[in-house]
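Note: the block below is input-v3.txt and it holds compact mmCIF, C-alpha atoms.
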```
# COMPACT_ATOMS: atom_id res chain seq x y z
CA GLU A 45 9.51 -24.18 7.01
CA GLN A 46 6.69 -22.57 8.97
CA LEU A 47 7.25 -19.10 7.51
CA ILE A 48 7.75 -20.28 3.95
CA GLY A 49 4.65 -22.41 4.38
CA ILE A 50 2.65 -19.32 5.35
CA SER A 51 4.00 -17.40 2.36
CA HIS A 52 3.17 -20.17 -0.11
CA ASP A 53 -0.24 -20.74 1.46
CA LEU A 54 -1.23 -17.10 1.10
CA TRP A 55 0.20 -17.06 -2.44
CA ALA A 56 -2.05 -20.01 -3.33
CA HIS A 57 -5.11 -18.27 -1.82
CA PRO A 58 -5.02 -14.69 -3.16
CA GLU A 59 -7.75 -12.43 -1.78
CA LEU A 60 -8.72 -8.90 -2.75
CA CYS A 61 -9.19 -5.77 -0.61
CA PHE A 62 -11.21 -6.37 2.55
CA GLU A 63 -11.87 -9.99 1.48
CA GLU A 64 -8.76 -11.52 3.10
CA VAL A 65 -10.70 -14.01 5.22
CA TYR A 66 -8.31 -16.93 4.65
CA ALA A 67 -5.16 -14.89 5.28
CA HIS A 68 -6.66 -13.29 8.39
CA GLN A 69 -7.42 -16.69 9.89
CA ARG A 70 -4.07 -18.20 8.89
CA LEU A 71 -2.01 -15.41 10.41
CA THR A 72 -4.01 -14.93 13.59
CA ASP A 73 -4.04 -18.67 14.27
CA CYS A 74 -0.24 -18.72 14.03
CA LEU A 75 0.18 -15.78 16.40
CA GLU A 76 -2.36 -17.08 18.89
CA GLN A 77 -0.75 -20.52 18.95
CA SER A 78 2.57 -18.79 19.65
CA GLY A 79 1.26 -17.04 22.76
CA PHE A 80 0.23 -13.64 21.40
CA ALA A 81 -2.94 -11.99 22.67
CA VAL A 82 -4.89 -11.66 19.42
CA GLU A 83 -7.82 -9.41 18.55
CA ARG A 84 -9.47 -10.55 15.33
CA GLY A 85 -11.59 -8.17 13.28
CA ALA A 86 -9.85 -5.24 14.96
CA TYR A 87 -10.87 -1.60 14.57
CA GLY A 88 -14.18 -2.48 12.99
CA LEU A 89 -12.56 -4.17 9.97
CA PRO A 90 -13.42 -7.89 9.71
CA THR A 91 -10.06 -8.83 8.18
CA ALA A 92 -7.82 -6.61 10.34
CA PHE A 93 -6.12 -7.85 13.48
CA ARG A 94 -3.95 -6.73 16.39
CA ALA A 95 -1.69 -9.08 18.31
CA GLU A 96 0.38 -8.19 21.38
CA PHE A 97 3.18 -9.72 23.41
CA GLY A 98 5.16 -8.29 26.30
CA SER A 99 4.33 -5.51 28.74
CA GLY A 100 7.63 -3.72 29.24
CA HIS A 101 8.28 -0.04 29.73
CA GLY A 102 10.59 0.28 26.75
CA PRO A 103 9.54 1.19 23.20
CA THR A 104 6.35 -0.34 21.83
CA LEU A 105 7.15 -1.50 18.32
CA ALA A 106 4.58 -2.42 15.68
CA ILE A 107 5.32 -4.93 12.95
CA VAL A 108 2.96 -4.37 10.03
CA CYS A 109 1.56 -7.20 7.90
CA GLU A 110 -0.15 -6.77 4.53
CA TYR A 111 -1.85 -9.70 2.81
CA ASP A 112 -4.28 -8.58 0.10
CA ALA A 113 -3.67 -9.50 -3.54
CA LEU A 114 -4.32 -7.96 -6.95
CA PRO A 115 -7.18 -8.85 -9.32
CA GLY A 116 -6.13 -11.27 -12.03
CA ILE A 117 -2.45 -11.49 -11.10
CA GLY A 118 -2.63 -12.60 -7.47
CA HIS A 119 0.34 -11.79 -5.23
CA ALA A 120 2.19 -9.78 -7.86
CA CYS A 121 3.00 -7.22 -5.18
CA GLY A 122 4.33 -9.90 -2.84
CA HIS A 123 2.09 -9.28 0.13
CA ASN A 124 2.43 -12.96 0.97
CA ILE A 125 6.11 -12.18 1.63
CA ILE A 126 5.25 -9.08 3.67
CA ALA A 127 2.89 -11.08 5.88
CA ALA A 128 5.18 -14.08 6.35
CA ALA A 129 8.24 -11.92 7.07
CA GLY A 130 6.21 -9.87 9.53
CA ILE A 131 5.04 -12.98 11.35
CA GLY A 132 8.60 -14.30 11.38
CA ALA A 133 9.97 -11.08 12.83
CA ALA A 134 7.31 -11.20 15.54
CA LEU A 135 7.99 -14.83 16.43
CA GLY A 136 11.72 -14.14 16.64
CA ALA A 137 11.50 -10.90 18.63
CA GLN A 138 8.94 -12.49 20.94
CA HIS A 139 11.68 -14.58 22.55
CA VAL A 140 13.60 -11.56 23.85
CA VAL A 141 11.00 -8.80 24.23
CA GLU A 142 10.42 -9.38 27.94
CA ALA A 143 14.14 -9.68 28.67
CA VAL A 144 14.72 -6.23 27.16
CA ASP A 145 11.63 -4.62 28.76
CA GLY A 146 9.84 -4.00 25.48
CA LYS A 147 6.40 -4.46 23.99
CA LEU A 148 5.57 -5.96 20.61
CA VAL A 149 2.46 -5.35 18.52
CA VAL A 150 1.60 -7.00 15.20
CA LEU A 151 -0.88 -5.05 13.07
CA GLY A 152 -2.68 -6.98 10.36
CA THR A 153 -3.66 -4.34 7.80
CA PRO A 154 -6.08 -5.31 5.02
CA ALA A 155 -6.72 -3.59 1.70
CA GLU A 156 -3.43 -1.85 0.94
CA GLU A 157 -4.13 -2.16 -2.78
CA GLY A 158 -6.50 0.78 -2.91
CA GLY A 159 -8.78 0.18 0.06
CA GLY A 160 -6.81 2.12 2.66
CA GLY A 161 -7.06 -0.36 5.52
CA LYS A 162 -4.31 1.37 7.48
CA VAL A 163 -6.05 4.73 7.14
CA TYR A 164 -9.19 3.41 8.80
CA MET A 165 -7.12 1.69 11.48
CA ILE A 166 -5.18 4.88 12.25
CA GLU A 167 -8.42 6.85 12.57
CA ARG A 168 -9.69 4.26 15.05
CA GLY A 169 -6.63 4.30 17.30
CA ALA A 170 -4.32 1.61 15.92
CA LEU A 171 -1.22 3.74 16.52
CA ASP A 172 -2.13 4.86 20.03
CA GLY A 173 0.86 4.01 22.20
CA ILE A 174 2.99 2.85 19.25
CA ASP A 175 6.51 4.32 19.20
CA ALA A 176 7.69 3.02 15.80
CA ALA A 177 6.44 0.75 13.00
CA MET A 178 8.17 -1.48 10.49
CA MET A 179 7.61 -3.77 7.53
CA VAL A 180 9.53 -5.00 4.49
CA HIS A 181 8.28 -4.90 0.91
CA PRO A 182 9.51 -7.19 -1.90
CA ALA A 183 11.07 -5.73 -5.05
CA ASP A 184 13.75 -6.58 -7.58
CA GLN A 185 16.51 -5.04 -5.44
CA ASP A 186 17.40 -4.20 -1.85
CA LEU A 187 16.68 -0.53 -1.04
CA ASN A 188 16.14 1.45 2.14
CA ALA A 189 12.68 2.41 0.78
CA PHE A 190 10.88 3.15 -2.44
CA TRP A 191 9.55 6.49 -3.58
CA ALA A 192 5.98 6.25 -2.29
CA ILE A 193 4.03 9.31 -3.38
CA ALA A 194 0.61 10.54 -2.31
CA ILE A 195 -2.45 9.19 -4.11
CA HIS A 196 -6.20 9.74 -4.19
CA GLU A 197 -8.59 7.57 -6.19
CA LEU A 198 -11.33 9.23 -8.23
CA GLN A 199 -14.50 7.87 -9.81
CA ALA A 200 -16.01 9.86 -12.70
CA GLU A 201 -19.54 9.15 -14.01
CA TYR A 202 -20.87 10.71 -17.22
CA ARG A 203 -24.57 10.88 -17.97
CA GLY A 204 -26.12 11.70 -21.32
CA LEU A 205 -29.29 10.71 -23.16
CA ALA A 206 -29.96 7.42 -24.93
CA ALA A 207 -31.24 7.34 -28.50
CA HIS A 208 -31.16 5.04 -31.52
CA ALA A 209 -27.67 5.53 -32.91
CA ALA A 210 -28.83 5.16 -36.54
CA ALA A 211 -32.46 6.30 -36.62
CA ALA A 212 -32.28 9.32 -34.30
CA PRO A 213 -28.70 10.10 -33.20
CA HIS A 214 -29.60 13.81 -33.02
CA LEU A 215 -31.83 13.04 -30.04
CA GLY A 216 -28.97 11.54 -28.05
CA ARG A 217 -26.22 12.91 -25.83
CA ASN A 218 -23.26 10.52 -25.90
CA ALA A 219 -21.83 9.89 -22.43
CA LEU A 220 -19.08 7.72 -23.90
CA ASP A 221 -17.94 10.57 -26.14
CA ALA A 222 -17.88 12.80 -23.07
CA ALA A 223 -15.73 10.30 -21.19
CA VAL A 224 -13.39 9.81 -24.16
CA LEU A 225 -12.89 13.56 -24.52
CA GLY A 226 -12.26 13.82 -20.79
CA TYR A 227 -9.68 11.05 -21.04
CA MET A 228 -7.95 12.83 -23.91
CA ASN A 229 -7.92 16.07 -21.93
CA VAL A 230 -6.14 14.30 -19.08
CA ALA A 231 -3.69 12.86 -21.61
CA ALA A 232 -2.90 16.42 -22.70
CA LEU A 233 -2.60 17.51 -19.08
CA ARG A 234 0.05 14.84 -18.48
CA GLN A 235 2.47 16.82 -20.64
CA HIS A 236 2.40 19.69 -18.16
CA ILE A 237 2.65 18.10 -14.72
CA GLN A 238 5.68 17.63 -12.51
CA SER A 239 8.03 14.66 -12.81
CA HIS A 240 6.85 13.25 -9.47
CA GLU A 241 3.19 13.24 -10.56
CA ARG A 242 1.18 10.52 -12.24
CA ILE A 243 -2.41 10.39 -13.53
CA HIS A 244 -3.75 7.11 -14.90
CA GLY A 245 -7.23 5.77 -15.44
CA VAL A 246 -9.45 3.12 -17.01
CA PHE A 247 -12.97 3.01 -18.40
CA THR A 248 -15.25 0.94 -16.19
CA ASN A 249 -18.38 1.41 -18.32
CA GLY A 250 -18.76 2.57 -21.90
CA GLY A 251 -22.26 1.68 -22.98
CA ASP A 252 -24.23 -1.49 -23.64
CA LYS A 253 -24.79 -1.86 -27.38
CA ALA A 254 -23.43 -0.13 -30.46
CA ASN A 255 -26.82 0.91 -31.82
CA ILE A 256 -27.76 2.76 -28.61
CA VAL A 257 -26.21 6.14 -27.90
CA PRO A 258 -24.56 5.52 -24.51
CA ALA A 259 -26.43 7.32 -21.75
CA PHE A 260 -23.82 6.36 -19.13
CA ALA A 261 -20.05 5.97 -18.97
CA SER A 262 -17.66 5.78 -16.04
CA GLN A 263 -13.97 5.87 -15.27
CA GLN A 264 -11.61 5.08 -12.42
CA TRP A 265 -8.59 7.35 -11.94
CA TYR A 266 -5.52 7.31 -9.73
CA VAL A 267 -4.16 10.81 -9.17
CA ARG A 268 -0.69 10.87 -7.62
CA SER A 269 1.78 13.54 -6.56
CA GLY A 270 4.97 13.74 -4.51
CA THR A 271 3.30 15.01 -1.34
CA SER A 272 -0.21 15.39 -0.01
CA GLU A 273 0.11 19.16 -0.44
CA SER A 274 1.10 19.00 -4.11
CA LEU A 275 -1.62 16.40 -4.69
CA GLU A 276 -4.27 18.87 -3.53
CA ALA A 277 -3.01 21.35 -6.13
CA LEU A 278 -3.16 18.74 -8.92
CA LYS A 279 -6.66 17.44 -8.24
CA PRO A 280 -8.62 20.50 -9.50
CA ARG A 281 -6.68 20.37 -12.78
CA VAL A 282 -7.78 16.77 -13.32
CA ILE A 283 -11.40 17.64 -12.52
CA ALA A 284 -11.34 20.52 -15.00
CA ALA A 285 -9.99 18.27 -17.76
CA LEU A 286 -12.71 15.69 -17.18
CA GLN A 287 -15.47 18.30 -16.91
CA ALA A 288 -14.52 19.76 -20.27
CA GLY A 289 -15.51 16.50 -21.97
CA ALA A 290 -18.98 16.74 -20.48
CA ILE A 291 -19.39 20.40 -21.48
CA ALA A 292 -18.35 19.70 -25.07
CA THR A 293 -20.95 16.95 -25.51
CA GLY A 294 -23.85 18.38 -23.53
CA CYS A 295 -23.56 15.70 -20.86
CA ASP A 296 -23.34 15.82 -17.10
CA VAL A 297 -20.47 14.45 -15.01
CA SER A 298 -20.20 13.71 -11.31
CA PHE A 299 -17.12 12.93 -9.25
CA GLN A 300 -16.50 10.83 -6.15
CA TRP A 301 -13.15 10.89 -4.40
CA ALA A 302 -12.36 7.78 -2.35
CA GLU A 303 -12.91 8.02 1.40
CA THR A 304 -9.23 7.41 2.03
CA SER A 305 -6.16 8.92 0.45
CA TYR A 306 -2.56 7.79 0.84
CA GLN A 307 0.14 10.16 2.04
CA ASP A 308 3.70 10.14 0.80
CA LEU A 309 6.12 7.85 2.63
CA LEU A 310 8.47 9.65 5.02
CA LEU A 311 11.82 7.95 5.46
CA SER A 312 13.42 7.51 8.86
CA SER A 313 17.16 7.71 8.29
CA VAL A 314 17.73 6.57 11.87
CA LEU A 315 15.76 3.34 11.47
CA ASP A 316 17.03 2.88 7.91
CA GLN A 317 20.62 2.77 9.11
CA VAL A 318 19.87 0.19 11.79
CA TYR A 319 17.98 -2.02 9.34
CA ALA A 320 20.66 -1.66 6.65
CA ALA A 321 23.35 -2.82 9.08
CA ASN A 322 21.28 -5.85 10.05
CA ALA A 323 20.48 -6.68 6.43
CA PHE A 324 24.17 -6.39 5.57
CA SER A 325 24.97 -8.94 8.28
CA LEU A 326 22.68 -11.32 6.36
CA GLY A 327 24.48 -10.71 3.09
CA ARG A 328 22.17 -8.03 1.72
CA GLY A 329 23.58 -4.66 0.75
CA VAL A 330 20.81 -2.09 1.04
CA ALA A 331 21.15 0.84 -1.37
CA PRO A 332 19.49 4.24 -0.84
CA ARG A 333 16.27 4.71 -2.79
CA GLU A 334 17.83 7.61 -4.72
CA GLU A 335 19.70 4.99 -6.73
CA ALA A 336 16.37 3.77 -8.14
CA PRO A 337 14.17 6.86 -8.67
CA ALA A 338 12.06 4.99 -11.24
CA LEU A 339 10.71 2.68 -8.51
CA MET A 340 7.63 4.75 -7.71
CA GLY A 341 4.27 3.85 -6.21
CA SER A 342 1.94 4.61 -3.32
CA THR A 343 1.08 2.91 -0.04
CA ASP A 344 -1.01 3.58 3.02
CA MET A 345 2.14 2.87 5.03
CA GLY A 346 2.81 6.50 4.12
CA ASN A 347 -0.01 7.53 6.46
CA ILE A 348 1.65 5.62 9.29
CA SER A 349 5.01 7.24 8.51
CA HIS A 350 3.55 10.71 9.11
CA ARG A 351 2.58 9.72 12.65
CA VAL A 352 5.33 7.45 13.98
CA PRO A 353 8.87 6.71 12.76
CA SER A 354 8.49 4.01 10.14
CA LEU A 355 10.70 1.50 8.38
CA HIS A 356 9.69 0.39 4.87
CA PRO A 357 12.71 -1.10 3.06
CA MET A 358 12.50 -2.98 -0.21
CA ILE A 359 13.90 -6.51 -0.16
CA LYS A 360 15.04 -8.34 -3.27
CA ALA A 361 12.54 -11.10 -4.11
CA ALA A 362 12.89 -11.25 -7.92
CA PRO A 363 15.63 -10.82 -10.53
CA ALA A 364 16.73 -7.28 -11.32
CA GLY A 365 14.43 -5.61 -13.81
CA VAL A 366 11.30 -7.62 -12.92
CA ALA A 367 8.72 -5.03 -11.93
CA ILE A 368 6.12 -5.49 -9.22
CA HIS A 369 2.46 -5.77 -10.24
CA THR A 370 3.32 -8.10 -13.13
CA GLU A 371 2.62 -11.78 -13.71
CA GLU A 372 6.34 -12.45 -13.87
CA PHE A 373 6.93 -10.90 -10.45
CA ALA A 374 4.11 -13.02 -9.01
CA THR A 375 5.92 -16.20 -10.06
CA HIS A 376 8.94 -15.17 -7.98
CA THR A 377 7.05 -14.25 -4.82
CA ALA A 378 6.60 -17.96 -4.13
CA GLY A 379 9.97 -18.96 -5.60
CA PRO A 380 13.50 -19.26 -4.15
CA LEU A 381 14.17 -15.51 -4.16
CA GLY A 382 10.83 -14.85 -2.52
CA ASP A 383 11.49 -17.48 0.13
CA SER A 384 14.88 -15.94 0.91
CA ALA A 385 13.19 -12.56 1.25
CA VAL A 386 10.78 -14.01 3.82
CA ILE A 387 13.57 -15.36 6.03
CA ASP A 388 16.01 -12.48 5.64
CA GLY A 389 13.25 -9.90 6.03
CA ALA A 390 12.05 -11.59 9.21
CA LEU A 391 15.55 -11.75 10.68
CA ALA A 392 16.51 -8.18 9.72
CA MET A 393 13.32 -6.78 11.25
CA ALA A 394 13.67 -8.90 14.40
CA PHE A 395 17.28 -7.74 14.81
CA THR A 396 16.18 -4.13 14.27
CA ALA A 397 13.44 -4.45 16.88
CA ILE A 398 15.94 -5.86 19.38
CA ASP A 399 18.35 -2.99 18.67
CA CYS A 400 15.54 -0.53 19.42
CA TRP A 401 14.70 -2.21 22.71
CA VAL A 402 18.31 -2.56 23.83
CA ASN A 403 19.04 1.04 22.87
CA PRO A 404 15.82 3.08 23.24
CA GLN A 405 17.71 6.18 22.11
CA ILE A 406 17.28 4.89 18.54
CA VAL A 407 13.52 5.35 18.72
CA SER A 408 13.90 8.62 20.58
CA ASP A 409 16.19 9.99 17.87
CA ALA A 410 13.87 8.74 15.12
CA THR A 411 10.89 10.41 16.80
CA SER A 412 12.75 13.71 17.15
CA ALA A 413 13.75 13.61 13.49
CA LEU A 414 10.15 12.99 12.44
CA LYS A 415 8.89 15.93 14.51
CA GLN A 416 11.56 18.17 13.04
CA GLY A 417 10.80 17.03 9.52
CA SER A 418 14.32 15.81 8.90
```
Could the structure of this file be written out as structure tokens, please?
Amino acid sequence: EQLIGISHDLWAHPELCFEEVYAHQRLTDCLEQSGFAVERGAYGLPTAFRAEFGSGHGPTLAIVCEYDALPGIGHACGHNIIAAAGIGAALGAQHVVEAVDGKLVVLGTPAEEGGGGKVYMIERGALDGIDAAMMVHPADQDLNAFWAIAIHELQAEYRGLAAHAAAAPHLGRNALDAAVLGYMNVAALRQHIQSHERIHGVFTNGGDKANIVPAFASQQWYVRSGTSESLEALKPRVIAALQAGAIATGCDVSFQWAETSYQDLLLSSVLDQVYAANAFSLGRGVAPREEAPALMGSTDMGNISHRVPSLHPMIKAAPAGVAIHTEEFATHTAGPLGDSAVIDGALAMAFTAIDCWVNPQIVSDATSALKQGS
């Protein structure tokens, strides 16, 4: 009841990137009341936290909580489930961590939906001393992970010259036309990129009134590719496509890449196997992600996975075919399937943490595999 209550409470109070004040308080209060040493506002981020329990010499395991929502559609990514399952795993593992000479850390990571909370936390030492990290993510099926590709957000701003659109259009330079042409150039570019790449954008400003030639227009773009290396090769092609719109219309364009970028998610086959066995004991058969190649996205958990062995399975929280980031998925994240995902996700992660403490070779093998790139 406690964990489902947390999940439903966060679902009813959706908060956007770096604004997760309610969730931050709710989760840290629970951990503190359960005996964890809690640091609120950790790593210079007001809605981040770090909670610790145990002081053993065995592996230090981090359970990762996400809790930000999406604009307009709330917890359509199910971060309420991620947070509640993470808290549940921590509360369960807490009861044995000292007996098995381990140490448990809970990392509250804000702003996964584009803000890059984990990236800032990593830069400020959040993974210092951490041997492995884990979380579960809701989906419409049980998988060992989803195909999380690298992403970098781009802002494009076009500037032209205002004029009366009827009386003196020849005096104007249309920034909206420049942005539209840039958009169409990117649409053409999409025909000639790799299957693991995605480019998608929206107009955030397109002028103020129809009888004024727009002097300003802006766009937001997500540029994605399979790895950070291939992403760097794609980015100049996107810039060139957008610049061409400005050149054709006599306008200027400026670009601003986001401070943080997300790396691709590296799987840990060692941790995956341990989790899959524990999930199976709870009645969940976990399939390899290759069986669902269409399930593609990006996450700053990828940045963690490049530094420590990481577990990021997908747990069924909605009927098959219901995609995340939709209103329909949001209805299920506080429904029976979502509630089951909270409990099973908490248990499977707690069992996996205990396995790692009882048999430290698991973490050692996972670390070696990460270093070897296998």
At a cut-off of 9 Å, using all atoms listed in the file, what residues contact segment 50-61 of chain A? Leave out same-chain residues fewer than 2 positions from it and give the result as a PDB file with C-alpha atoms, keeping the file's coordinate frame.
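The resulting selection-v5.pdb:
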```
ATOM      1  CA  GLU A  45       9.510 -24.180   7.010  1.00  0.00           C
ATOM      2  CA  GLN A  46       6.690 -22.570   8.970  1.00  0.00           C
ATOM      3  CA  LEU A  47       7.250 -19.100   7.510  1.00  0.00           C
ATOM      4  CA  ILE A  48       7.750 -20.280   3.950  1.00  0.00           C
ATOM      5  CA  GLU A  63     -11.870  -9.990   1.480  1.00  0.00           C
ATOM      6  CA  GLU A  64      -8.760 -11.520   3.100  1.00  0.00           C
ATOM      7  CA  VAL A  65     -10.700 -14.010   5.220  1.00  0.00           C
ATOM      8  CA  TYR A  66      -8.310 -16.930   4.650  1.00  0.00           C
ATOM      9  CA  ALA A  67      -5.160 -14.890   5.280  1.00  0.00           C
ATOM     10  CA  ARG A  70      -4.070 -18.200   8.890  1.00  0.00           C
ATOM     11  CA  LEU A  71      -2.010 -15.410  10.410  1.00  0.00           C
ATOM     12  CA  TYR A 111      -1.850  -9.700   2.810  1.00  0.00           C
ATOM     13  CA  ASP A 112      -4.280  -8.580   0.100  1.00  0.00           C
ATOM     14  CA  ALA A 113      -3.670  -9.500  -3.540  1.00  0.00           C
ATOM     15  CA  LEU A 114      -4.320  -7.960  -6.950  1.00  0.00           C
ATOM     16  CA  PRO A 115      -7.180  -8.850  -9.320  1.00  0.00           C
ATOM     17  CA  ILE A 117      -2.450 -11.490 -11.100  1.00  0.00           C
ATOM     18  CA  GLY A 118      -2.630 -12.600  -7.470  1.00  0.00           C
ATOM     19  CA  HIS A 119       0.340 -11.790  -5.230  1.00  0.00           C
ATOM     20  CA  GLY A 122       4.330  -9.900  -2.840  1.00  0.00           C
ATOM     21  CA  HIS A 123       2.090  -9.280   0.130  1.00  0.00           C
ATOM     22  CA  ASN A 124       2.430 -12.960   0.970  1.00  0.00           C
ATOM     23  CA  ILE A 125       6.110 -12.180   1.630  1.00  0.00           C
ATOM     24  CA  ILE A 126       5.250  -9.080   3.670  1.00  0.00           C
ATOM     25  CA  ALA A 127       2.890 -11.080   5.880  1.00  0.00           C
ATOM     26  CA  ALA A 128       5.180 -14.080   6.350  1.00  0.00           C
ATOM     27  CA  ALA A 129       8.240 -11.920   7.070  1.00  0.00           C
ATOM     28  CA  PRO A 154      -6.080  -5.310   5.020  1.00  0.00           C
ATOM     29  CA  ALA A 155      -6.720  -3.590   1.700  1.00  0.00           C
ATOM     30  CA  GLU A 156      -3.430  -1.850   0.940  1.00  0.00           C
ATOM     31  CA  GLU A 157      -4.130  -2.160  -2.780  1.00  0.00           C
ATOM     32  CA  GLY A 158      -6.500   0.780  -2.910  1.00  0.00           C
ATOM     33  CA  GLY A 159      -8.780   0.180   0.060  1.00  0.00           C
ATOM     34  CA  GLY A 160      -6.810   2.120   2.660  1.00  0.00           C
ATOM     35  CA  GLY A 161      -7.060  -0.360   5.520  1.00  0.00           C
ATOM     36  CA  ALA A 374       4.110 -13.020  -9.010  1.00  0.00           C
ATOM     37  CA  THR A 377       7.050 -14.250  -4.820  1.00  0.00           C
ATOM     38  CA  ALA A 378       6.600 -17.960  -4.130  1.00  0.00           C
ATOM     39  CA  GLY A 379       9.970 -18.960  -5.600  1.00  0.00           C
ATOM     40  CA  GLY A 382      10.830 -14.850  -2.520  1.00  0.00           C
ATOM     41  CA  ASP A 383      11.490 -17.480   0.130  1.00  0.00           C
ATOM     42  CA  VAL A 386      10.780 -14.010   3.820  1.00  0.00           C
TER      43      VAL A 386
END
```
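You will find atom CA of Asp296 of chain A at 15.0 Å from atom CA of Tyr227 of chain A.
The residue that comes closest to Arg84 of chain A, out of A:Gly49, A:Gly245, A:Gly152, A:Pro357 and on the basis of all atoms listed in the file, is A:Gly152.
Of note, atom CA of Glu167 of chain A and atom CA of Thr104 of chain A are spaced 18.9 Å apart.
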TODO: Determine, counting all atoms listed in the file, which protein, DNA and RNA residues have an atom within 10 Å of an atom of Asp399 of chain A; residues of the same chain fewer than 4 positions away are not included. Present the result as a PyMOL selection string.
DONE: chain A and resi 144+315+318-319+322+393-395+403-407
- [ ] Within 6 Å of segment 251-258 of chain A, counting only C-alpha atoms, which residues show up once you throw out same-chain ones fewer than 5 positions away? Write them as a ChimeraX atom specification, please.
- [x] /A:206-209,218-220
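Using only C-alpha atoms, the smallest distance between any of A:Pro332, A:Gly341, A:Gly146, A:Gly116 and Trp401 of chain A comes from A:Gly146.
Note that atom CA of Met340 of chain A and atom CA of Ala183 of chain A are 11.3 Å apart.
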Open item on the list: Residues within 10 Å of (-20.0, 9.9, -14.4), file coordinates, counting all atoms listed in the file: what are they? Give the list as a PyMOL selection string.
Closed with: chain A and resi 199-204+219-220+222-223+249+260-264+286-287+290+295-300
TODO: Can you pull out every residue within 9 Å of Ala413 of chain A, counting all atoms listed in the file, but drop anything in the same chain fewer than 3 positions away, and send it as an NGL selection string?
DONE: :A and (312-314 or 353 or 408-410 or 416-418)
Let me see the file: selected residues, C-alpha atoms, as a compact mmCIF listing (two decimals), keeping the file's coordinate frame.
```txt
# COMPACT_ATOMS: atom_id res chain seq x y z
CA SER A 312 13.42 7.51 8.86
CA SER A 313 17.16 7.71 8.29
CA VAL A 314 17.73 6.57 11.87
CA PRO A 353 8.87 6.71 12.76
CA SER A 408 13.90 8.62 20.58
CA ASP A 409 16.19 9.99 17.87
CA ALA A 410 13.87 8.74 15.12
CA GLN A 416 11.56 18.17 13.04
CA GLY A 417 10.80 17.03 9.52
CA SER A 418 14.32 15.81 8.90
```
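Shell of segment 174-177 of chain A at 7 Å, with all atoms listed in the file counted and residues fewer than 4 places along the chain excluded, is Pro103, Thr104, Leu105, Ala106, Ile107, Val108, Val352, Pro353, Ser354, Leu355 and Val407 of chain A.
Of the listed residues A:Ser239, A:Gln317, A:Asn347, A:Thr370, the one whose atoms come nearest to Ser272 of chain A is A:Asn347, with distances taken using only C-alpha atoms.
Protein and nucleic acid residues near (-1.8, -0.8, 16.9) are Phe93, Arg94, Ala95, Glu96, Ala106, Val149, Val150, Leu151, Met165, Ile166, Gly169, Ala170, Leu171, Asp172, Gly173 and Ile174 of chain A, the criterion being any atom at most 9 Å away using all atoms listed in the file.
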